[in-house]
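Before any comments, here is the structure.
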Amino acid sequence: LAAVLLKLGGYGVIRITLMFSPLMELSYPFIILALWGILMTGLICTRQTDLKSLIAYSSVSHMGLVVAATLIQTTWSFMGAMIMMITHGLISSALFCLANTNYERTHSRTMLLSRGMQMMLPLMTTWWLLLSLFNMALPPTPNFWAEMSIMISLFNWSKWTILITGLGTLITAIYTLHMFLMTQRGQLPKHLNSITPSFTREHCLMTMHLIPLLMLMFKLELISGNFY
């Protein structure tokens with residue numbers, strides 16, 4: 001859902017909005033709703049205790065930026081929306097895989113009951129850290145360039161949007177760090193006496209998610225296309 005269907009819906013929005021260029025004024029209320037949705041879903045993420053729910057709502061929050069960017073219909077906004085859909089599709093898929101590795105060992109999706117994983121699975125913590133940094137759009141990740149191009153396009157459309165997008169970026173950093181610290185740091189729960197070590201297939205799966213993201217850091221025009 002988060003990695004594929006949301007992004008296919010975003011691609012459909014891009015294809016449809018190209019036909020509505022003469023009716024640009026009618027899309028203004030939807031742009032405002034999309035920007036408001038970024039803040040609302042971000043705040044919902046900060047209140048989540050279920051790990052998979054947090055990752056799912058995070059994808060919805062990022063799609064608010066994509067919808068707002070596509071409705072503006074500028075070259076930079078289309079480029080940012082396309083980059084964000086592809087890169088966040090890989091990131092959310094990898095985060096769901098990591099959440100499943102936690103669930104297979106703790107049999108709980110509650111972050112409080114699966115904390116302290118760094119002590120037992122230090123290499124998996126490395127994957128968690130890398131993907132959390134990608135999710136926060138840390139430079140020079142592709143998500144950073146996507147968010148920057150979208151924020152610049154929104155700022156050119158209206159100066160006030162910088163307040164919403166800036167606050168949305170801050171909230172994203174807050175709930176991403178909260179997710180990482182709650183699952184990896186702290187004391188291991190007492191009911192977890194023994195944990196199965198990480199398997200090679202899990203590390204191979206994370207590597208296959210991360211290699212495309214690292215490649216896009218050095219050659220972003222692979223997905224930006226003619227907009228780059």
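A note on labels: chains of the structure tokens are A, B, ... as shown, every chain counts residues from 1, and ligands are counted from 1 in their shown order.
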
Close residues, Met206 of chain A itself excluded, 9 Å, only C-alpha atoms, min 3 positions apart in chain, as a list of chain:residue names: A:Ala94, A:Cys97, A:Leu98, A:Trp127, A:Arg201, A:Glu202, A:His203, A:His209, A:Leu210, A:Ile211

File dump, residues just selected, C-alpha atoms, as a compact mmCIF listing (two decimals), in the first residue's frame:
# COMPACT_ATOMS: atom_id res chain seq x y z
CA ALA A 94 12.59 -1.00 3.54
CA CYS A 97 10.79 -4.91 6.11
CA LEU A 98 12.70 -3.77 9.20
CA TRP A 127 20.00 -0.25 8.67
CA ARG A 201 18.58 -12.81 3.57
CA GLU A 202 17.44 -9.86 5.71
CA HIS A 203 20.69 -8.01 5.13
CA HIS A 209 16.69 -1.40 -1.06
CA LEU A 210 19.64 0.83 -0.23
CA ILE A 211 21.75 0.39 -3.38

Every residue of segment 86-149 of chain A that DSSP places in alpha helix (DSSP H), as a count of residues only: 47

Distance criterion (only C-alpha atoms): nearest to Glu25 of chain A out of A:Ile72, A:Met85, A:Leu129, A:Ala173: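 Smallest distance to Glu25 of chain A is found for A:Ile72.
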
Non-local contacts of Thr176 of chain A (8 Å; only C-alpha atoms; under 4 positions in same chain excluded) as a PyMOL selection string: chain A and resi 132+135-136+172+180

What would the file look like if the residues just selected were written as a compact mmCIF listing (two decimals), in the first residue's frame with C-alpha atoms?
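Once written, selection15.txt looks like this:
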# COMPACT_ATOMS: atom_id res chain seq x y z
CA SER A 132 15.75 6.97 9.23
CA ASN A 135 13.26 9.35 5.66
CA MET A 136 14.19 12.67 7.31
CA THR A 172 8.97 14.47 10.20
CA PHE A 180 14.48 5.07 15.90

Contacts of Tyr57 of chain A at 7 Å (only C-alpha atoms; same-chain gap of 3+ positions) as a list in words: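 Everything that qualifies: Thr41, Cys45, Ser53, Leu54, Val60 and Ser61 of chain A.
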
Selection: 12 Å around Lys190 of chain A, only C-alpha atoms, excl. self and same-chain fewer than 5 positions, as a list in words: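 Listing them by chain and then by number gives Thr106, Leu112, Leu113, Ser114, Arg115, Gly116 and Ile195 of chain A.
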
Separation of atom CA of Asn143 of chain A from atom CA of Met84 of chain A, in Å and rounded to one decimal: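 Between these atoms lies a distance of 5.8 Å.
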
Gap from atom CA of Leu163 of chain A to atom CA of His88 of chain A - Å, one decimal: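 Between atom CA of Leu163 of chain A and atom CA of His88 of chain A the gap works out to 22.6 Å.
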
Residue with smallest distance to Val67 of chain A - pool A:Asn100, A:Gln184, A:Thr46, A:Ser27, counting only C-alpha atoms: A:Ser27

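Distances here use only C-alpha atoms; by that measure, the residue among A:Leu43, A:Ile86, A:Met151, A:Met120 closest to Leu5 of chain A is A:Ile86.
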
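Distances from A:Leu216, A:Val66, A:Leu154, A:Leu177 to Lys7 of chain A were compared using only C-alpha atoms, and the smallest one belongs to A:Val66.
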
Please provide as a PDB file with N, CA and C atoms, in the first residue's frame all residues within 12 Å of Thr200 of chain A, with the sequence filter that same-chain residues fewer than 5 positions apart are discarded (counting only C-alpha atoms).
ATOM      1  N   LEU A 123      23.752  -4.793  13.867  1.00  0.00           N
ATOM      2  CA  LEU A 123      23.824  -4.537  12.427  1.00  0.00           C
ATOM      3  C   LEU A 123      22.474  -4.077  11.878  1.00  0.00           C
ATOM      4  N   MET A 124      21.380  -4.616  12.427  1.00  0.00           N
ATOM      5  CA  MET A 124      20.060  -4.143  12.012  1.00  0.00           C
ATOM      6  C   MET A 124      19.839  -2.693  12.438  1.00  0.00           C
ATOM      7  N   LEU A 205      18.218  -8.170   1.633  1.00  0.00           N
ATOM      8  CA  LEU A 205      17.011  -7.415   1.297  1.00  0.00           C
ATOM      9  C   LEU A 205      17.209  -5.926   1.556  1.00  0.00           C
ATOM     10  N   MET A 206      17.833  -5.589   2.688  1.00  0.00           N
ATOM     11  CA  MET A 206      18.110  -4.190   2.987  1.00  0.00           C
ATOM     12  C   MET A 206      19.114  -3.597   1.999  1.00  0.00           C
ATOM     13  N   THR A 207      20.092  -4.391   1.605  1.00  0.00           N
ATOM     14  CA  THR A 207      21.087  -3.919   0.641  1.00  0.00           C
ATOM     15  C   THR A 207      20.445  -3.613  -0.704  1.00  0.00           C
TER      16      THR A 207
END

Contacts of Leu71 of chain A within 12 Å, only C-alpha atoms, excl. fewer than 6 positions in-chain, as JSON, numbers by chain: {"A": [10, 11, 12, 13, 14, 15, 16, 17, 18, 19, 20, 21, 23, 24, 25, 26, 27, 28, 29, 30, 31, 32, 33, 34, 35, 64, 65, 77, 78, 81, 150, 153, 154, 157]}

Counting only C-alpha atoms, the residue of A:Met111, A:Ile164, A:Leu222, A:Met217 that sits nearest Gln48 of chain A: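 Using only C-alpha atoms, the shortest distance to Gln48 of chain A belongs to A:Met111.
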
Nearest to Leu192 of chain A, chosen from A:Leu131, A:Met117, A:Met208, A:Ile38, with only C-alpha atoms counted in the distances: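 With only C-alpha atoms as the atom set, the closest residue is A:Met117.
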
Two-atom distance - atom CA of Ser108 of chain A, atom CA of Met182 of chain A (Å): 13.5 Å
